[in-house]
Amino acid sequence: MSGNFIGSHYRNLDTKGRLLLPPGFLEALGWKRDNGVSFWMTAFYGRIAAYRTESWNLVADRLCSLNFPSQRLSHFKSKIIGLAQEFFPDSQGRIRISQSLMREAGISRQIVLVGLLDKFEIWDQARFDALPMEDVSEELLACGIQLSL
């Protein structure tokens, strides 16, 4: 692992539907021009989540270890694993997001990439900009997390 995914980056898909990944994200993936590095993406809860291969393998292993999940959990598992795709940035650091991922996440041409340290998310810009910033201090305390922001 070369680094963390940090920051929010506003982008437009090009005319061929390709997304140019931010330089810091490419560095965090360990990408160098034509070195064949890959990562995994899937969609859920109105966004695309992107994982380094080793992190995706952990997620997939945990989901596959569910022997007899409830119907809701089984559907969740089917969507997460069924939509998952491996991506290889091209020599310019671009990827083409599939229509199935874009449709599931409700993504149009204008997007936001959001770094979450160990992974990143891709949101439709309008949906991301409309997210409310709510006071979650009580929820954090219930989880044993105290932040002084």
# chains A, B, ... in the order shown; residues from 1 in each chain; ligands from 1
$ residues_around --residues "Ser65 in chain A" --least-positions-apart "5" --cutoff "12 Å" --atoms "only C-alpha atoms" --output "ChimeraX atom specification"
/A:58-60,74,77
$ write_last_selection --atoms "N, CA, C and O atoms" --output "PDB file, in the first residue's frame"
ATOM      1  N   LEU A  58     -10.887  -9.428   1.271  1.00  0.00           N
ATOM      2  CA  LEU A  58     -11.393  -9.584   2.646  1.00  0.00           C
ATOM      3  C   LEU A  58     -12.904  -9.400   2.696  1.00  0.00           C
ATOM      4  O   LEU A  58     -13.612 -10.168   3.352  1.00  0.00           O
ATOM      5  N   VAL A  59     -13.408  -8.373   2.010  1.00  0.00           N
ATOM      6  CA  VAL A  59     -14.854  -8.134   1.965  1.00  0.00           C
ATOM      7  C   VAL A  59     -15.565  -9.337   1.354  1.00  0.00           C
ATOM      8  O   VAL A  59     -16.540  -9.855   1.916  1.00  0.00           O
ATOM      9  N   ALA A  60     -15.075  -9.801   0.216  1.00  0.00           N
ATOM     10  CA  ALA A  60     -15.709 -10.927  -0.473  1.00  0.00           C
ATOM     11  C   ALA A  60     -15.657 -12.193   0.381  1.00  0.00           C
ATOM     12  O   ALA A  60     -16.649 -12.929   0.464  1.00  0.00           O
ATOM     13  N   SER A  74     -29.036 -12.085   1.953  1.00  0.00           N
ATOM     14  CA  SER A  74     -28.722 -12.826   0.735  1.00  0.00           C
ATOM     15  C   SER A  74     -28.816 -11.917  -0.489  1.00  0.00           C
ATOM     16  O   SER A  74     -27.960 -11.955  -1.377  1.00  0.00           O
ATOM     17  N   LYS A  77     -25.823  -9.562  -0.411  1.00  0.00           N
ATOM     18  CA  LYS A  77     -24.643 -10.304  -0.847  1.00  0.00           C
ATOM     19  C   LYS A  77     -24.645 -10.475  -2.373  1.00  0.00           C
ATOM     20  O   LYS A  77     -23.626 -10.272  -3.031  1.00  0.00           O
TER      21      LYS A  77
END
$ select_by_dssp --residues "chain A" --states "helix (DSSP H, G or I)" --output "PDB file with N, CA and C atoms, in the first residue's frame"
ATOM      1  N   PRO A  23      -4.378  12.022  -9.228  1.00  0.00           N
ATOM      2  CA  PRO A  23      -3.012  11.511  -9.050  1.00  0.00           C
ATOM      3  C   PRO A  23      -2.772  10.870  -7.682  1.00  0.00           C
ATOM      4  N   GLY A  24      -3.299  11.466  -6.620  1.00  0.00           N
ATOM      5  CA  GLY A  24      -3.118  10.897  -5.285  1.00  0.00           C
ATOM      6  C   GLY A  24      -3.780   9.544  -5.125  1.00  0.00           C
ATOM      7  N   PHE A  25      -4.914   9.343  -5.788  1.00  0.00           N
ATOM      8  CA  PHE A  25      -5.595   8.048  -5.736  1.00  0.00           C
ATOM      9  C   PHE A  25      -4.803   6.997  -6.511  1.00  0.00           C
ATOM     10  N   LEU A  26      -4.265   7.401  -7.669  1.00  0.00           N
ATOM     11  CA  LEU A  26      -3.433   6.477  -8.450  1.00  0.00           C
ATOM     12  C   LEU A  26      -2.200   6.070  -7.644  1.00  0.00           C
ATOM     13  N   GLU A  27      -1.612   7.030  -6.954  1.00  0.00           N
ATOM     14  CA  GLU A  27      -0.450   6.737  -6.114  1.00  0.00           C
ATOM     15  C   GLU A  27      -0.831   5.783  -4.982  1.00  0.00           C
ATOM     16  N   ALA A  28      -1.982   6.018  -4.358  1.00  0.00           N
ATOM     17  CA  ALA A  28      -2.439   5.145  -3.266  1.00  0.00           C
ATOM     18  C   ALA A  28      -2.696   3.719  -3.757  1.00  0.00           C
ATOM     19  N   LEU A  29      -3.073   3.584  -5.022  1.00  0.00           N
ATOM     20  CA  LEU A  29      -3.282   2.256  -5.608  1.00  0.00           C
ATOM     21  C   LEU A  29      -1.963   1.577  -5.984  1.00  0.00           C
ATOM     22  N   THR A  53      -7.237  -4.434  -4.133  1.00  0.00           N
ATOM     23  CA  THR A  53      -7.533  -5.853  -4.327  1.00  0.00           C
ATOM     24  C   THR A  53      -7.502  -6.627  -3.012  1.00  0.00           C
ATOM     25  N   GLU A  54      -6.503  -6.400  -2.173  1.00  0.00           N
ATOM     26  CA  GLU A  54      -6.419  -7.142  -0.907  1.00  0.00           C
ATOM     27  C   GLU A  54      -7.590  -6.816   0.021  1.00  0.00           C
ATOM     28  N   SER A  55      -8.052  -5.576   0.019  1.00  0.00           N
ATOM     29  CA  SER A  55      -9.213  -5.202   0.840  1.00  0.00           C
ATOM     30  C   SER A  55     -10.484  -5.822   0.282  1.00  0.00           C
ATOM     31  N   TRP A  56     -10.631  -5.810  -1.060  1.00  0.00           N
ATOM     32  CA  TRP A  56     -11.808  -6.421  -1.667  1.00  0.00           C
ATOM     33  C   TRP A  56     -11.865  -7.910  -1.357  1.00  0.00           C
ATOM     34  N   ASN A  57     -10.732  -8.585  -1.399  1.00  0.00           N
ATOM     35  CA  ASN A  57     -10.707 -10.016  -1.099  1.00  0.00           C
ATOM     36  C   ASN A  57     -11.218 -10.288   0.311  1.00  0.00           C
ATOM     37  N   LEU A  58     -10.887  -9.428   1.271  1.00  0.00           N
ATOM     38  CA  LEU A  58     -11.393  -9.584   2.646  1.00  0.00           C
ATOM     39  C   LEU A  58     -12.904  -9.400   2.696  1.00  0.00           C
ATOM     40  N   VAL A  59     -13.408  -8.373   2.010  1.00  0.00           N
ATOM     41  CA  VAL A  59     -14.854  -8.134   1.965  1.00  0.00           C
ATOM     42  C   VAL A  59     -15.565  -9.337   1.354  1.00  0.00           C
ATOM     43  N   ALA A  60     -15.075  -9.801   0.216  1.00  0.00           N
ATOM     44  CA  ALA A  60     -15.709 -10.927  -0.473  1.00  0.00           C
ATOM     45  C   ALA A  60     -15.657 -12.193   0.381  1.00  0.00           C
ATOM     46  N   ASP A  61     -14.525 -12.455   1.028  1.00  0.00           N
ATOM     47  CA  ASP A  61     -14.409 -13.634   1.886  1.00  0.00           C
ATOM     48  C   ASP A  61     -15.409 -13.581   3.033  1.00  0.00           C
ATOM     49  N   ARG A  62     -15.552 -12.412   3.632  1.00  0.00           N
ATOM     50  CA  ARG A  62     -16.505 -12.281   4.748  1.00  0.00           C
ATOM     51  C   ARG A  62     -17.940 -12.493   4.280  1.00  0.00           C
ATOM     52  N   LEU A  63     -18.286 -11.928   3.135  1.00  0.00           N
ATOM     53  CA  LEU A  63     -19.642 -12.126   2.615  1.00  0.00           C
ATOM     54  C   LEU A  63     -19.878 -13.589   2.240  1.00  0.00           C
ATOM     55  N   CYS A  64     -18.881 -14.220   1.665  1.00  0.00           N
ATOM     56  CA  CYS A  64     -19.036 -15.626   1.253  1.00  0.00           C
ATOM     57  C   CYS A  64     -19.076 -16.576   2.443  1.00  0.00           C
ATOM     58  N   GLN A  71     -33.055 -13.555   3.890  1.00  0.00           N
ATOM     59  CA  GLN A  71     -33.323 -13.174   2.499  1.00  0.00           C
ATOM     60  C   GLN A  71     -32.756 -11.789   2.202  1.00  0.00           C
ATOM     61  N   ARG A  72     -32.920 -10.846   3.127  1.00  0.00           N
ATOM     62  CA  ARG A  72     -32.392  -9.488   2.924  1.00  0.00           C
ATOM     63  C   ARG A  72     -30.872  -9.510   2.777  1.00  0.00           C
ATOM     64  N   LEU A  73     -30.221 -10.256   3.661  1.00  0.00           N
ATOM     65  CA  LEU A  73     -28.765 -10.339   3.609  1.00  0.00           C
ATOM     66  C   LEU A  73     -28.301 -11.088   2.357  1.00  0.00           C
ATOM     67  N   SER A  74     -29.036 -12.085   1.953  1.00  0.00           N
ATOM     68  CA  SER A  74     -28.722 -12.826   0.735  1.00  0.00           C
ATOM     69  C   SER A  74     -28.816 -11.917  -0.489  1.00  0.00           C
ATOM     70  N   HIS A  75     -29.846 -11.069  -0.524  1.00  0.00           N
ATOM     71  CA  HIS A  75     -29.986 -10.116  -1.636  1.00  0.00           C
ATOM     72  C   HIS A  75     -28.837  -9.113  -1.638  1.00  0.00           C
ATOM     73  N   PHE A  76     -28.483  -8.622  -0.447  1.00  0.00           N
ATOM     74  CA  PHE A  76     -27.362  -7.687  -0.312  1.00  0.00           C
ATOM     75  C   PHE A  76     -26.083  -8.336  -0.847  1.00  0.00           C
ATOM     76  N   LYS A  77     -25.823  -9.562  -0.411  1.00  0.00           N
ATOM     77  CA  LYS A  77     -24.643 -10.304  -0.847  1.00  0.00           C
ATOM     78  C   LYS A  77     -24.645 -10.475  -2.373  1.00  0.00           C
ATOM     79  N   SER A  78     -25.790 -10.828  -2.930  1.00  0.00           N
ATOM     80  CA  SER A  78     -25.893 -11.018  -4.373  1.00  0.00           C
ATOM     81  C   SER A  78     -25.571  -9.734  -5.128  1.00  0.00           C
ATOM     82  N   LYS A  79     -26.089  -8.621  -4.649  1.00  0.00           N
ATOM     83  CA  LYS A  79     -25.832  -7.334  -5.317  1.00  0.00           C
ATOM     84  C   LYS A  79     -24.364  -6.945  -5.203  1.00  0.00           C
ATOM     85  N   ILE A  80     -23.822  -6.999  -3.987  1.00  0.00           N
ATOM     86  CA  ILE A  80     -22.439  -6.555  -3.773  1.00  0.00           C
ATOM     87  C   ILE A  80     -21.467  -7.384  -4.604  1.00  0.00           C
ATOM     88  N   ILE A  81     -21.594  -8.694  -4.530  1.00  0.00           N
ATOM     89  CA  ILE A  81     -20.667  -9.564  -5.257  1.00  0.00           C
ATOM     90  C   ILE A  81     -21.002  -9.585  -6.746  1.00  0.00           C
ATOM     91  N   GLY A  82     -22.297  -9.587  -7.068  1.00  0.00           N
ATOM     92  CA  GLY A  82     -22.707  -9.636  -8.472  1.00  0.00           C
ATOM     93  C   GLY A  82     -22.321  -8.404  -9.272  1.00  0.00           C
ATOM     94  N   LEU A  83     -22.281  -7.249  -8.632  1.00  0.00           N
ATOM     95  CA  LEU A  83     -21.906  -6.020  -9.324  1.00  0.00           C
ATOM     96  C   LEU A  83     -20.397  -5.765  -9.324  1.00  0.00           C
ATOM     97  N   GLN A  99     -21.916   0.479 -17.151  1.00  0.00           N
ATOM     98  CA  GLN A  99     -23.292   0.967 -17.055  1.00  0.00           C
ATOM     99  C   GLN A  99     -24.007   0.353 -15.852  1.00  0.00           C
ATOM    100  N   SER A 100     -23.718  -0.905 -15.533  1.00  0.00           N
ATOM    101  CA  SER A 100     -24.396  -1.543 -14.391  1.00  0.00           C
ATOM    102  C   SER A 100     -24.031  -0.856 -13.085  1.00  0.00           C
ATOM    103  N   LEU A 101     -22.782  -0.497 -12.894  1.00  0.00           N
ATOM    104  CA  LEU A 101     -22.394   0.222 -11.678  1.00  0.00           C
ATOM    105  C   LEU A 101     -22.981   1.630 -11.657  1.00  0.00           C
ATOM    106  N   MET A 102     -22.928   2.309 -12.790  1.00  0.00           N
ATOM    107  CA  MET A 102     -23.465   3.669 -12.852  1.00  0.00           C
ATOM    108  C   MET A 102     -24.967   3.672 -12.572  1.00  0.00           C
ATOM    109  N   ARG A 103     -25.673   2.714 -13.145  1.00  0.00           N
ATOM    110  CA  ARG A 103     -27.122   2.626 -12.949  1.00  0.00           C
ATOM    111  C   ARG A 103     -27.451   2.337 -11.480  1.00  0.00           C
ATOM    112  N   GLU A 104     -26.760   1.379 -10.889  1.00  0.00           N
ATOM    113  CA  GLU A 104     -27.030   1.014  -9.486  1.00  0.00           C
ATOM    114  C   GLU A 104     -26.742   2.176  -8.542  1.00  0.00           C
ATOM    115  N   ALA A 105     -25.701   2.954  -8.837  1.00  0.00           N
ATOM    116  CA  ALA A 105     -25.331   4.080  -7.980  1.00  0.00           C
ATOM    117  C   ALA A 105     -26.035   5.381  -8.360  1.00  0.00           C
ATOM    118  N   GLN A 125     -22.541  13.816  -8.417  1.00  0.00           N
ATOM    119  CA  GLN A 125     -22.241  15.111  -7.800  1.00  0.00           C
ATOM    120  C   GLN A 125     -23.454  15.728  -7.124  1.00  0.00           C
ATOM    121  N   ALA A 126     -24.599  15.730  -7.781  1.00  0.00           N
ATOM    122  CA  ALA A 126     -25.794  16.347  -7.193  1.00  0.00           C
ATOM    123  C   ALA A 126     -26.202  15.624  -5.909  1.00  0.00           C
ATOM    124  N   ARG A 127     -26.130  14.301  -5.912  1.00  0.00           N
ATOM    125  CA  ARG A 127     -26.491  13.528  -4.722  1.00  0.00           C
ATOM    126  C   ARG A 127     -25.511  13.798  -3.579  1.00  0.00           C
ATOM    127  N   PHE A 128     -24.214  13.843  -3.896  1.00  0.00           N
ATOM    128  CA  PHE A 128     -23.215  14.106  -2.854  1.00  0.00           C
ATOM    129  C   PHE A 128     -23.391  15.508  -2.273  1.00  0.00           C
ATOM    130  N   ASP A 129     -23.574  16.491  -3.150  1.00  0.00           N
ATOM    131  CA  ASP A 129     -23.725  17.875  -2.688  1.00  0.00           C
ATOM    132  C   ASP A 129     -24.976  18.052  -1.832  1.00  0.00           C
ATOM    133  N   SER A 137     -22.662  13.303  17.019  1.00  0.00           N
ATOM    134  CA  SER A 137     -21.796  13.164  18.188  1.00  0.00           C
ATOM    135  C   SER A 137     -22.295  12.097  19.160  1.00  0.00           C
ATOM    136  N   GLU A 138     -23.614  11.974  19.353  1.00  0.00           N
ATOM    137  CA  GLU A 138     -24.142  10.949  20.262  1.00  0.00           C
ATOM    138  C   GLU A 138     -23.896   9.542  19.716  1.00  0.00           C
ATOM    139  N   GLU A 139     -24.057   9.362  18.399  1.00  0.00           N
ATOM    140  CA  GLU A 139     -23.776   8.055  17.789  1.00  0.00           C
ATOM    141  C   GLU A 139     -22.303   7.692  17.927  1.00  0.00           C
ATOM    142  N   LEU A 140     -21.433   8.673  17.722  1.00  0.00           N
ATOM    143  CA  LEU A 140     -20.003   8.422  17.880  1.00  0.00           C
ATOM    144  C   LEU A 140     -19.683   8.020  19.310  1.00  0.00           C
ATOM    145  N   LEU A 141     -20.234   8.736  20.274  1.00  0.00           N
ATOM    146  CA  LEU A 141     -19.983   8.396  21.686  1.00  0.00           C
ATOM    147  C   LEU A 141     -20.491   6.999  22.005  1.00  0.00           C
ATOM    148  N   ALA A 142     -21.639   6.613  21.444  1.00  0.00           N
ATOM    149  CA  ALA A 142     -22.188   5.274  21.679  1.00  0.00           C
ATOM    150  C   ALA A 142     -21.242   4.197  21.123  1.00  0.00           C
TER     151      ALA A 142
END
$ residues_around --residues "Phe87 in chain A" --least-positions-apart "3" --cutoff "7 Å" --atoms "only C-alpha atoms" --output "PyMOL selection string"
chain A and resi 38-40+95
$ atom_distance --atom1 "CA of Gln110 in chain A" --atom2 "CA of Asp135 in chain A"
27.8 Å
$ atom_distance --atom1 "CA of Gln92 in chain A" --atom2 "CA of Gly36 in chain A"
12.3 Å
$ residues_around --residues "range 120-124 of chain A" --least-positions-apart "6" --cutoff "12 Å" --atoms "only C-alpha atoms" --output "number ranges by chain"
A: 4-13, 19, 21-22, 24-26, 28-29, 39-52, 55, 97, 101-114, 130-131
$ write_last_selection --atoms "N, CA and C atoms" --output "short mmCIF file (atom, residue, chain, number, x, y, z; two decimals), in the first residue's frame"
data_model
loop_
_atom_site.label_atom_id
_atom_site.label_comp_id
_atom_site.auth_asym_id
_atom_site.auth_seq_id
_atom_site.Cartn_x
_atom_site.Cartn_y
_atom_site.Cartn_z
N ASN A 4 -2.79 6.69 1.38
CA ASN A 4 -4.22 6.72 1.65
C ASN A 4 -4.96 7.53 0.59
N PHE A 5 -6.26 7.23 0.49
CA PHE A 5 -7.14 8.00 -0.38
C PHE A 5 -7.67 9.16 0.44
N ILE A 6 -7.33 10.39 0.01
CA ILE A 6 -7.68 11.57 0.79
C ILE A 6 -8.33 12.61 -0.11
N GLY A 7 -9.33 13.30 0.43
CA GLY A 7 -9.92 14.44 -0.24
C GLY A 7 -11.11 14.10 -1.11
N SER A 8 -11.77 15.16 -1.57
CA SER A 8 -12.89 15.06 -2.51
C SER A 8 -12.45 15.69 -3.82
N HIS A 9 -12.75 15.00 -4.91
CA HIS A 9 -12.31 15.44 -6.23
C HIS A 9 -13.50 15.43 -7.18
N TYR A 10 -13.84 16.59 -7.71
CA TYR A 10 -14.96 16.72 -8.65
C TYR A 10 -14.44 16.46 -10.06
N ARG A 11 -15.15 15.61 -10.78
CA ARG A 11 -14.73 15.24 -12.13
C ARG A 11 -15.95 15.10 -13.04
N ASN A 12 -15.71 15.17 -14.34
CA ASN A 12 -16.71 14.83 -15.35
C ASN A 12 -16.20 13.63 -16.13
N LEU A 13 -17.09 12.72 -16.46
CA LEU A 13 -16.71 11.63 -17.34
C LEU A 13 -16.46 12.22 -18.73
N LEU A 19 -13.26 7.95 -16.70
CA LEU A 19 -12.98 8.77 -15.53
C LEU A 19 -11.48 8.83 -15.31
N LEU A 21 -8.70 9.25 -12.85
CA LEU A 21 -8.51 9.18 -11.41
C LEU A 21 -7.52 10.24 -10.94
N PRO A 22 -7.75 10.82 -9.77
CA PRO A 22 -6.82 11.84 -9.25
C PRO A 22 -5.43 11.23 -9.03
N GLY A 24 -3.30 11.47 -6.62
CA GLY A 24 -3.12 10.90 -5.29
C GLY A 24 -3.78 9.54 -5.13
N PHE A 25 -4.91 9.34 -5.79
CA PHE A 25 -5.60 8.05 -5.74
C PHE A 25 -4.80 7.00 -6.51
N LEU A 26 -4.26 7.40 -7.67
CA LEU A 26 -3.43 6.48 -8.45
C LEU A 26 -2.20 6.07 -7.64
N ALA A 28 -1.98 6.02 -4.36
CA ALA A 28 -2.44 5.15 -3.27
C ALA A 28 -2.70 3.72 -3.76
N LEU A 29 -3.07 3.58 -5.02
CA LEU A 29 -3.28 2.26 -5.61
C LEU A 29 -1.96 1.58 -5.98
N PHE A 39 -7.82 -2.68 -9.17
CA PHE A 39 -8.61 -2.51 -7.95
C PHE A 39 -10.03 -2.93 -8.27
N TRP A 40 -10.86 -3.05 -7.24
CA TRP A 40 -12.23 -3.55 -7.39
C TRP A 40 -13.24 -2.49 -7.02
N MET A 41 -14.36 -2.49 -7.75
CA MET A 41 -15.45 -1.58 -7.42
C MET A 41 -16.77 -2.36 -7.41
N THR A 42 -17.66 -1.91 -6.54
CA THR A 42 -19.03 -2.40 -6.50
C THR A 42 -19.92 -1.24 -6.10
N ALA A 43 -21.23 -1.43 -6.19
CA ALA A 43 -22.16 -0.33 -5.89
C ALA A 43 -23.16 -0.77 -4.83
N PHE A 44 -23.44 0.15 -3.90
CA PHE A 44 -24.49 -0.07 -2.91
C PHE A 44 -24.82 1.26 -2.25
N TYR A 45 -26.05 1.35 -1.77
CA TYR A 45 -26.53 2.54 -1.05
C TYR A 45 -26.29 3.83 -1.83
N GLY A 46 -26.45 3.80 -3.14
CA GLY A 46 -26.40 5.02 -3.94
C GLY A 46 -25.01 5.55 -4.23
N ARG A 47 -24.02 4.70 -4.19
CA ARG A 47 -22.65 5.12 -4.51
C ARG A 47 -21.85 3.90 -4.96
N ILE A 48 -20.69 4.17 -5.55
CA ILE A 48 -19.75 3.12 -5.92
C ILE A 48 -18.63 3.13 -4.89
N ALA A 49 -18.26 1.97 -4.41
CA ALA A 49 -17.15 1.84 -3.47
C ALA A 49 -16.00 1.15 -4.19
N ALA A 50 -14.80 1.71 -4.03
CA ALA A 50 -13.60 1.18 -4.68
C ALA A 50 -12.62 0.69 -3.62
N TYR A 51 -12.08 -0.51 -3.83
CA TYR A 51 -11.20 -1.16 -2.87
C TYR A 51 -9.91 -1.62 -3.54
N ARG A 52 -8.82 -1.52 -2.81
CA ARG A 52 -7.60 -2.21 -3.25
C ARG A 52 -7.93 -3.70 -3.31
N SER A 55 -8.05 -5.58 0.02
CA SER A 55 -9.21 -5.20 0.84
C SER A 55 -10.48 -5.82 0.28
N ILE A 97 -16.22 3.29 -16.20
CA ILE A 97 -17.17 2.71 -15.24
C ILE A 97 -18.31 2.06 -16.03
N LEU A 101 -22.78 -0.50 -12.89
CA LEU A 101 -22.39 0.22 -11.68
C LEU A 101 -22.98 1.63 -11.66
N MET A 102 -22.93 2.31 -12.79
CA MET A 102 -23.46 3.67 -12.85
C MET A 102 -24.97 3.67 -12.57
N ARG A 103 -25.67 2.71 -13.14
CA ARG A 103 -27.12 2.63 -12.95
C ARG A 103 -27.45 2.34 -11.48
N GLU A 104 -26.76 1.38 -10.89
CA GLU A 104 -27.03 1.01 -9.49
C GLU A 104 -26.74 2.18 -8.54
N ALA A 105 -25.70 2.95 -8.84
CA ALA A 105 -25.33 4.08 -7.98
C ALA A 105 -26.03 5.38 -8.36
N GLY A 106 -26.77 5.38 -9.46
CA GLY A 106 -27.46 6.59 -9.89
C GLY A 106 -26.50 7.69 -10.32
N ILE A 107 -25.43 7.30 -10.98
CA ILE A 107 -24.39 8.26 -11.36
C ILE A 107 -24.61 8.76 -12.78
N SER A 108 -24.45 10.07 -12.93
CA SER A 108 -24.53 10.70 -14.25
C SER A 108 -23.11 11.07 -14.69
N ARG A 109 -22.97 12.08 -15.49
CA ARG A 109 -21.68 12.47 -16.04
C ARG A 109 -20.81 13.23 -15.03
N GLN A 110 -21.44 13.97 -14.11
CA GLN A 110 -20.70 14.75 -13.12
C GLN A 110 -20.63 13.95 -11.83
N ILE A 111 -19.39 13.72 -11.37
CA ILE A 111 -19.20 12.87 -10.20
C ILE A 111 -18.26 13.51 -9.19
N VAL A 112 -18.23 12.90 -8.00
CA VAL A 112 -17.30 13.28 -6.95
C VAL A 112 -16.63 12.01 -6.46
N LEU A 113 -15.32 12.01 -6.41
CA LEU A 113 -14.56 10.92 -5.79
C LEU A 113 -14.24 11.36 -4.37
N VAL A 114 -14.54 10.51 -3.40
CA VAL A 114 -14.36 10.85 -2.00
C VAL A 114 -13.40 9.85 -1.37
N ALA A 130 -25.99 17.21 -2.02
CA ALA A 130 -27.23 17.30 -1.26
C ALA A 130 -27.18 16.57 0.09
N LEU A 131 -26.09 15.83 0.34
CA LEU A 131 -26.00 15.11 1.62
C LEU A 131 -26.03 16.10 2.77
#
